[in-house]
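*Asks:* Sharing a structure below in structure tokens format, with a few things to ask.
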Amino acid sequence: QYSVACAEVSIVADRGVDFDYGYYDQGILKIGDEEIAGVQRKSKLEDGTIKYSWHYENLPAYFYETYMPEGEFFLPTVCVSNGNWKKYGRSLLERIEELPECGPNMDALFTLIAAMPRDKQLQALHETVDRMVHLVDVSFASMPMACISAPETTLADGYGDDMDKGVVIYHILKRLGYEPEVYLFAPIGRYAKLRKILKDYPDCRDFSSMRILVKDDSGHDIWLNNVSKYAKLGVCDFDGQPMLDLKSGKISCLDLADDLETWCREALTIEINEVGDAVITCKSKYYGQAYENFKKMYLESTPEERMRRYQQEISGIFANAQPVTPEPIIDVNSYPATREFTVCVVDFAVVDGDFMYFNVPVSLTTIDCLEHRRNYLY
């Protein structure tokens, strides 16, 4: 267990400096059961500055578990900001647009994409940039705007963060005659209270991922710079998450079309004859990012790895299950991706008069052991 006898947060600001602040005794989402009362103080210092402080005593202990909410969701939290999303968005967009769009590598990439049919250009750009630029696990939000690389530099180096990669796509799209829009995303989940915190207390570190939105010639929204070459064009990895429009400075939530949302449909059919033998068919359909992950796993696996995975799935259904076909029927060239296989199981069910007794070969429990948790599941 973790406990704190007391905690204090202080902010010292020059007189005349304006900033917004708010404090939440029970956390931003107020999901805790304990009543915690904090004391706010405001005092002037000798050098003309003002000190704001929040003091809490006898904070209740909490037991650490996996899949817990973030601490600010249920512990005393202070939010402070003097930022402005509209000003930040405009400054960042100006920085992106002022970067030089030409150079040997950029010109070669533009020539390659421009030579393709119009209806193939977005897919080709998506796949080509994904191959040419290795994504590094560093967020642009933690660095100054001056660190954003010119697209020519990114292509020459062969790596960059998602902002660097997005800048390449942005400038190529403009040269091709498209009208790309730049959005930043905050991966905070589907919580209205958290979205309000984002708006009320701007912090550029919250919006840490950059994506490009462009419309194809049919008027469909296409998201770029977000997924690998295996993904369905148009899918975005931040469905339902808050997004910041750099041009307007407005915050909204992404709502993808139903067929682009991430989910997997599993269907299990069990046919049992009169003596208890069974034929079991498993069918799966993969949408959104599930489609991308499944397609990547399949295409990057060796035949031996695919066969080993198939054998594990068969034995996972029933110990003595025998496959009807030597390998599963898989289609990753269509959307959604599909996977199907059938097995035969002798003595699957025990026949007792008019009844049959058997175990379903999948777990019907989505979340196990919730009654044993001491904290909220997140």
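Here, A, B, ... name the chains of the structure tokens in the order displayed, residue numbers run from 1 inside each chain, and ligands are numbered from 1 in the same displayed order.
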A:Lys296: which residues within 9 Å, counting only C-alpha atoms, same-chain residues fewer than 5 positions away excluded, as a compact mmCIF listing (two decimals) with all heavy atoms, in the first residue's frame?
*Replies:*
# COMPACT_ATOMS: atom_id res chain seq x y z
N SER A 228 0.49 1.67 -40.28
CA SER A 228 1.51 1.10 -41.15
C SER A 228 0.94 0.85 -42.55
O SER A 228 -0.24 1.05 -42.82
CB SER A 228 2.02 -0.21 -40.55
OG SER A 228 1.02 -1.21 -40.64
N LYS A 229 1.80 0.35 -43.41
CA LYS A 229 1.41 0.08 -44.79
C LYS A 229 0.37 -1.03 -44.89
O LYS A 229 -0.25 -1.20 -45.93
CB LYS A 229 2.64 -0.29 -45.62
CG LYS A 229 3.34 -1.55 -45.13
CD LYS A 229 4.61 -1.82 -45.92
CE LYS A 229 5.32 -3.07 -45.42
NZ LYS A 229 6.57 -3.32 -46.17
N TYR A 230 0.18 -1.80 -43.82
CA TYR A 230 -0.77 -2.89 -43.84
C TYR A 230 -2.20 -2.43 -43.55
O TYR A 230 -3.14 -3.22 -43.68
CB TYR A 230 -0.38 -3.96 -42.82
CG TYR A 230 0.98 -4.57 -43.06
CD1 TYR A 230 2.07 -4.22 -42.27
CD2 TYR A 230 1.19 -5.48 -44.09
CE1 TYR A 230 3.32 -4.78 -42.49
CE2 TYR A 230 2.44 -6.03 -44.33
CZ TYR A 230 3.50 -5.67 -43.52
OH TYR A 230 4.74 -6.22 -43.74
N ALA A 231 -2.37 -1.20 -43.15
CA ALA A 231 -3.68 -0.73 -42.68
C ALA A 231 -4.61 -0.41 -43.85
O ALA A 231 -4.18 -0.15 -44.98
CB ALA A 231 -3.52 0.50 -41.81
N TYR A 291 -7.56 -5.21 -38.24
CA TYR A 291 -7.23 -5.64 -39.61
C TYR A 291 -5.74 -5.44 -39.88
O TYR A 291 -5.05 -6.33 -40.40
CB TYR A 291 -8.07 -4.84 -40.60
CG TYR A 291 -7.62 -4.94 -42.04
CD1 TYR A 291 -8.06 -5.98 -42.85
CD2 TYR A 291 -6.79 -3.98 -42.60
CE1 TYR A 291 -7.66 -6.07 -44.17
CE2 TYR A 291 -6.38 -4.06 -43.92
CZ TYR A 291 -6.82 -5.11 -44.70
OH TYR A 291 -6.42 -5.21 -46.01
N SER A 301 4.94 -13.39 -41.05
CA SER A 301 5.24 -14.69 -40.43
C SER A 301 5.77 -15.66 -41.47
O SER A 301 5.38 -15.62 -42.65
CB SER A 301 3.98 -15.28 -39.79
OG SER A 301 3.48 -14.45 -38.76
*Asks:* Assign secondary structure with DSSP using the backbone only, and return the residues of stretch 77-226 of chain A in helix (DSSP H, G or I) as a PyMOL selection string.
*Replies:* chain A and resi 85-98+104-114+118-132+140-142+145-147+151-157+162-175+192-200
*Asks:* Enter the distance from atom CA of A:Cys344 to atom CA of A:Lys285, in Å, rounded to one decimal.
*Replies:*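 These atoms are spaced 21.9 Å apart.
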*Asks:* Could you pull out the residues in stretch 11-185 of chain A that DSSP calls strand (DSSP E) from the backbone, as a short mmCIF file (atom, residue, chain, number, x, y, z; two decimals) with N, CA and C atoms, in the first residue's frame?
*Replies:*
data_model
loop_
_atom_site.label_atom_id
_atom_site.label_comp_id
_atom_site.auth_asym_id
_atom_site.auth_seq_id
_atom_site.Cartn_x
_atom_site.Cartn_y
_atom_site.Cartn_z
N ILE A 11 2.83 27.21 -6.60
CA ILE A 11 3.12 27.91 -7.85
C ILE A 11 3.50 29.34 -7.50
N VAL A 12 4.64 29.78 -8.01
CA VAL A 12 5.09 31.15 -7.78
C VAL A 12 5.10 31.87 -9.11
N ALA A 13 4.39 33.01 -9.19
CA ALA A 13 4.25 33.76 -10.44
C ALA A 13 4.51 35.23 -10.18
N ASP A 14 5.04 35.90 -11.20
CA ASP A 14 5.21 37.35 -11.10
C ASP A 14 3.86 38.03 -11.04
N ASP A 20 -4.76 30.31 -15.58
CA ASP A 20 -5.95 29.63 -15.07
C ASP A 20 -5.52 28.44 -14.22
N TYR A 21 -6.25 28.19 -13.17
CA TYR A 21 -5.94 27.04 -12.33
C TYR A 21 -7.22 26.48 -11.73
N GLY A 22 -7.16 25.22 -11.39
CA GLY A 22 -8.28 24.55 -10.73
C GLY A 22 -7.76 23.40 -9.91
N TYR A 23 -8.38 23.12 -8.79
CA TYR A 23 -7.94 22.01 -7.96
C TYR A 23 -9.11 21.08 -7.70
N TYR A 24 -8.80 19.79 -7.68
CA TYR A 24 -9.81 18.75 -7.60
C TYR A 24 -9.45 17.83 -6.43
N VAL A 39 -6.59 22.58 1.45
CA VAL A 39 -6.57 23.98 1.88
C VAL A 39 -5.80 24.77 0.83
N GLN A 40 -6.44 25.80 0.29
CA GLN A 40 -5.80 26.66 -0.69
C GLN A 40 -5.31 27.93 -0.02
N ARG A 41 -4.10 28.34 -0.35
CA ARG A 41 -3.55 29.57 0.21
C ARG A 41 -3.02 30.44 -0.91
N LYS A 42 -3.07 31.74 -0.70
CA LYS A 42 -2.54 32.72 -1.64
C LYS A 42 -1.79 33.77 -0.83
N SER A 43 -0.53 33.97 -1.11
CA SER A 43 0.26 34.90 -0.32
C SER A 43 1.22 35.67 -1.20
N LYS A 44 1.50 36.90 -0.82
CA LYS A 44 2.44 37.74 -1.54
C LYS A 44 3.84 37.57 -0.95
N THR A 49 6.35 38.82 -6.16
CA THR A 49 5.70 37.66 -6.74
C THR A 49 4.56 37.18 -5.84
N ILE A 50 3.73 36.33 -6.40
CA ILE A 50 2.60 35.78 -5.67
C ILE A 50 2.74 34.26 -5.63
N LYS A 51 2.51 33.70 -4.46
CA LYS A 51 2.62 32.25 -4.28
C LYS A 51 1.24 31.66 -4.04
N TYR A 52 0.87 30.69 -4.86
CA TYR A 52 -0.37 29.93 -4.68
C TYR A 52 0.03 28.53 -4.20
N SER A 53 -0.64 28.03 -3.20
CA SER A 53 -0.31 26.70 -2.70
C SER A 53 -1.57 25.95 -2.31
N TRP A 54 -1.49 24.64 -2.44
CA TRP A 54 -2.58 23.75 -2.04
C TRP A 54 -1.99 22.69 -1.11
N HIS A 55 -2.58 22.52 0.03
CA HIS A 55 -2.02 21.64 1.06
C HIS A 55 -3.05 20.58 1.44
N TYR A 56 -2.61 19.34 1.46
CA TYR A 56 -3.47 18.21 1.84
C TYR A 56 -2.78 17.41 2.94
N GLU A 57 -3.56 16.97 3.90
CA GLU A 57 -3.02 16.16 4.99
C GLU A 57 -3.81 14.86 5.12
N THR A 77 -5.53 16.75 -7.23
CA THR A 77 -4.82 17.21 -8.43
C THR A 77 -5.03 18.71 -8.63
N VAL A 78 -3.97 19.39 -9.05
CA VAL A 78 -4.04 20.81 -9.38
C VAL A 78 -3.69 20.96 -10.86
N CYS A 79 -4.54 21.66 -11.60
CA CYS A 79 -4.31 21.94 -13.03
C CYS A 79 -4.01 23.43 -13.19
N VAL A 80 -2.94 23.74 -13.88
CA VAL A 80 -2.51 25.12 -14.07
C VAL A 80 -2.10 25.32 -15.52
N SER A 81 -2.47 26.46 -16.11
CA SER A 81 -2.07 26.75 -17.48
C SER A 81 -2.24 28.23 -17.77
N HIS A 134 11.69 5.71 -40.83
CA HIS A 134 11.55 4.87 -39.63
C HIS A 134 11.09 5.74 -38.47
N LEU A 135 10.00 5.33 -37.82
CA LEU A 135 9.41 6.13 -36.75
C LEU A 135 10.16 5.90 -35.44
N TYR A 159 14.65 8.66 -40.73
CA TYR A 159 13.93 8.45 -39.48
C TYR A 159 13.42 9.80 -38.97
N GLY A 160 12.47 9.72 -38.02
CA GLY A 160 11.92 10.92 -37.41
C GLY A 160 10.72 10.56 -36.55
N GLU A 181 -5.19 18.86 -43.90
CA GLU A 181 -5.42 19.53 -42.63
C GLU A 181 -4.62 18.79 -41.56
N VAL A 182 -4.11 19.55 -40.59
CA VAL A 182 -3.26 18.98 -39.55
C VAL A 182 -4.04 18.93 -38.23
N TYR A 183 -4.03 17.77 -37.59
CA TYR A 183 -4.68 17.58 -36.29
C TYR A 183 -3.70 16.95 -35.31
N LEU A 184 -3.84 17.34 -34.06
CA LEU A 184 -3.10 16.70 -32.97
C LEU A 184 -4.09 15.92 -32.12
N PHE A 185 -3.64 14.78 -31.60
CA PHE A 185 -4.52 13.92 -30.81
C PHE A 185 -3.97 13.72 -29.40
#
*Asks:* Would you write out, as CSV, a table of all residues in stretch 121-210 of chain A that have an atom no more than 12 Å from an atom of stretch 98-105 of chain A, listing for each the closest atom pair and the distance in Å to one decimal, considering only C-alpha atoms and ordering rows by chain and rising residue number?
*Replies:*
residue,atom,partner,partner_atom,distance
A:Val129,CA,A:Asn105,CA,11.5
A:Met132,CA,A:Asn105,CA,10.4
A:Val133,CA,A:Asn105,CA,11.9
A:Met145,CA,A:Leu99,CA,11.4
A:Ala146,CA,A:Leu99,CA,10.2
A:Cys147,CA,A:Leu99,CA,11.4
A:Ile148,CA,A:Leu99,CA,8.8
A:Ser149,CA,A:Leu99,CA,8.0
A:Ala150,CA,A:Leu99,CA,5.5
A:Pro151,CA,A:Glu101,CA,6.5
A:Glu152,CA,A:Gly103,CA,5.7
A:Thr153,CA,A:Asn105,CA,8.8
A:Thr154,CA,A:Asn105,CA,9.4
A:Leu155,CA,A:Asn105,CA,6.3
A:Ala156,CA,A:Asn105,CA,6.8
A:Asp157,CA,A:Asn105,CA,10.5
A:Gly158,CA,A:Asn105,CA,10.6
A:Asp164,CA,A:Leu99,CA,10.9
A:Val167,CA,A:Leu99,CA,8.7
A:Val168,CA,A:Glu101,CA,8.1
A:Ile169,CA,A:Glu101,CA,10.4
A:Tyr170,CA,A:Glu101,CA,9.4
A:His171,CA,A:Glu101,CA,5.9
A:Ile172,CA,A:Glu101,CA,7.8
A:Leu173,CA,A:Glu101,CA,10.7
A:Lys174,CA,A:Glu101,CA,9.5
A:Arg175,CA,A:Glu101,CA,8.7
*Asks:* Rounded to one decimal place, report the atom CA of A:Arg90-atom CA of A:Phe207 distance in Å.
*Replies:*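 Pair atom CA of A:Arg90 / atom CA of A:Phe207 returns 14.5 Å.
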*Asks:* Using only C-alpha atoms, pick whichever of A:Leu176, A:Thr302, A:Ile197, A:Val360 has the shortest atom-to-atom distance to A:Thr111.
*Replies:*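 Closest to A:Thr111, using only C-alpha atoms: A:Leu176.
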*Asks:* Please identify all polymer residues within 12 Å of stretch 235-241 of chain A, counting only C-alpha atoms, omitting same-chain residues fewer than 4 positions from it, and present them as number ranges by chain.
*Replies:* A: 123, 126, 183-192, 194-195, 198, 206-213, 220-231, 251-263, 287-293, 335
*Asks:* Print the selection's residues with C-alpha atoms to a file, as a JSON list (two decimals), in the first residue's frame.
*Replies:*
[["chain", "number", "residue", "atom", "x", "y", "z"],
["A", 123, "GLN", "CA", -2.34, 4.80, -50.91],
["A", 126, "HIS", "CA", 0.99, 6.29, -47.37],
["A", 183, "TYR", "CA", -4.68, 17.58, -36.29],
["A", 184, "LEU", "CA", -3.10, 16.70, -32.97],
["A", 185, "PHE", "CA", -4.52, 13.92, -30.81],
["A", 186, "ALA", "CA", -4.59, 13.33, -27.06],
["A", 187, "PRO", "CA", -4.84, 9.66, -26.02],
["A", 188, "ILE", "CA", -6.95, 10.18, -22.89],
["A", 189, "GLY", "CA", -9.94, 7.92, -23.49],
["A", 190, "ARG", "CA", -13.64, 8.67, -23.82],
["A", 191, "TYR", "CA", -14.12, 10.87, -20.77],
["A", 192, "ALA", "CA", -16.02, 14.15, -21.09],
["A", 194, "LEU", "CA", -10.97, 14.97, -19.22],
["A", 195, "ARG", "CA", -11.84, 16.68, -22.50],
["A", 198, "LEU", "CA", -7.90, 19.80, -22.00],
["A", 206, "ASP", "CA", -1.36, 16.50, -23.86],
["A", 207, "PHE", "CA", -1.69, 16.51, -27.66],
["A", 208, "SER", "CA", 1.32, 14.35, -28.45],
["A", 209, "SER", "CA", 0.47, 12.75, -31.81],
["A", 210, "MET", "CA", 0.07, 14.40, -35.22],
["A", 211, "ARG", "CA", -2.18, 13.15, -38.02],
["A", 212, "ILE", "CA", -3.05, 14.42, -41.50],
["A", 213, "LEU", "CA", -6.62, 14.59, -42.82],
["A", 220, "HIS", "CA", -14.12, 10.63, -48.34],
["A", 221, "ASP", "CA", -11.99, 11.48, -45.31],
["A", 222, "ILE", "CA", -8.57, 9.84, -45.43],
["A", 223, "TRP", "CA", -6.28, 9.87, -42.39],
["A", 224, "LEU", "CA", -2.56, 9.61, -43.03],
["A", 225, "ASN", "CA", 0.58, 9.35, -40.89],
["A", 226, "ASN", "CA", -1.08, 7.12, -38.35],
["A", 227, "VAL", "CA", -0.81, 3.46, -39.30],
["A", 228, "SER", "CA", 1.51, 1.10, -41.15],
["A", 229, "LYS", "CA", 1.41, 0.08, -44.79],
["A", 230, "TYR", "CA", -0.77, -2.89, -43.84],
["A", 231, "ALA", "CA", -3.68, -0.73, -42.68],
["A", 251, "ILE", "CA", -11.03, 20.67, -29.91],
["A", 252, "SER", "CA", -13.46, 17.95, -30.98],
["A", 253, "CYS", "CA", -13.60, 14.14, -30.97],
["A", 254, "LEU", "CA", -12.92, 11.84, -33.89],
["A", 255, "ASP", "CA", -15.84, 9.67, -34.95],
["A", 256, "LEU", "CA", -14.90, 7.21, -37.68],
["A", 257, "ALA", "CA", -17.37, 5.41, -39.91],
["A", 258, "ASP", "CA", -18.60, 2.12, -38.45],
["A", 259, "ASP", "CA", -16.66, -0.04, -40.89],
["A", 260, "LEU", "CA", -13.39, 1.71, -39.99],
["A", 261, "GLU", "CA", -13.69, 1.29, -36.23],
["A", 262, "THR", "CA", -11.39, -1.20, -34.55],
["A", 263, "TRP", "CA", -13.03, -4.45, -33.57],
["A", 287, "TYR", "CA", -11.75, -4.34, -38.80],
["A", 288, "GLY", "CA", -9.81, -1.11, -38.29],
["A", 289, "GLN", "CA", -6.52, -1.54, -36.47],
["A", 290, "ALA", "CA", -7.37, -5.20, -35.81],
["A", 291, "TYR", "CA", -7.23, -5.64, -39.61],
["A", 292, "GLU", "CA", -3.82, -3.95, -39.72],
["A", 293, "ASN", "CA", -2.38, -6.03, -36.86],
["A", 335, "TYR", "CA", -11.55, -5.75, -46.10]]
*Asks:* Could you state the separation of atom CA of A:Leu299 and atom CA of A:Thr128 in Å, given to one decimal place?
*Replies:*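 Distance between the two atoms: 17.6 Å.
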*Asks:* Between A:Phe140, A:Leu112, A:Pro336, A:Pro76, which residue has the minimum interatomic distance to A:Val9, considering only C-alpha atoms?
*Replies:* A:Pro76
*Asks:* Between A:Ser139, A:Asn359, A:Thr338, A:Asn273, which one has atoms that come closest to A:Phe318, using only C-alpha atoms?
*Replies:* A:Asn359
*Asks:* Pick out the closest residue to A:Lys215 from this set: A:Asp119, A:Glu8, A:Glu266, A:Asp354. Count only C-alpha atoms.
*Replies:*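 Using only C-alpha atoms, the shortest distance to A:Lys215 belongs to A:Asp119.
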*Asks:* Which residue out of A:Ala7, A:Asp216, A:Ile28, A:Asp347 has the minimum interatomic distance to A:Asn58 when only C-alpha atoms are used?
*Replies:* A:Ala7
*Asks:* A:Glu313: which residues within 12 Å, counting only C-alpha atoms, same-chain residues fewer than 4 positions away excluded, as a short mmCIF file (atom, residue, chain, number, x, y, z; two decimals) with C-alpha atoms, in the first residue's frame?
*Replies:*
data_model
loop_
_atom_site.label_atom_id
_atom_site.label_comp_id
_atom_site.auth_asym_id
_atom_site.auth_seq_id
_atom_site.Cartn_x
_atom_site.Cartn_y
_atom_site.Cartn_z
CA THR A 281 -15.98 -24.00 -37.09
CA CYS A 282 -14.22 -20.79 -36.04
CA ARG A 306 1.83 -19.83 -39.22
CA MET A 307 1.61 -23.60 -38.89
CA ARG A 308 2.71 -23.50 -35.25
CA ARG A 309 0.07 -20.86 -34.48
CA ILE A 317 -10.20 -25.76 -28.79
CA PHE A 318 -9.95 -29.37 -27.64
CA ALA A 319 -7.07 -31.69 -26.81
CA ALA A 321 -9.26 -31.95 -32.11
CA GLN A 322 -8.27 -32.78 -35.69
CA PRO A 323 -8.21 -30.15 -38.44
CA GLU A 327 -4.22 -24.83 -42.89
CA PRO A 328 -6.80 -22.14 -42.13
CA GLU A 340 -11.72 -19.57 -40.86
CA PHE A 341 -10.90 -23.12 -39.90
CA THR A 342 -12.84 -26.27 -38.95
CA VAL A 343 -11.93 -29.15 -36.65
CA PRO A 361 -14.12 -24.22 -25.91
CA VAL A 362 -13.92 -20.47 -25.30
#
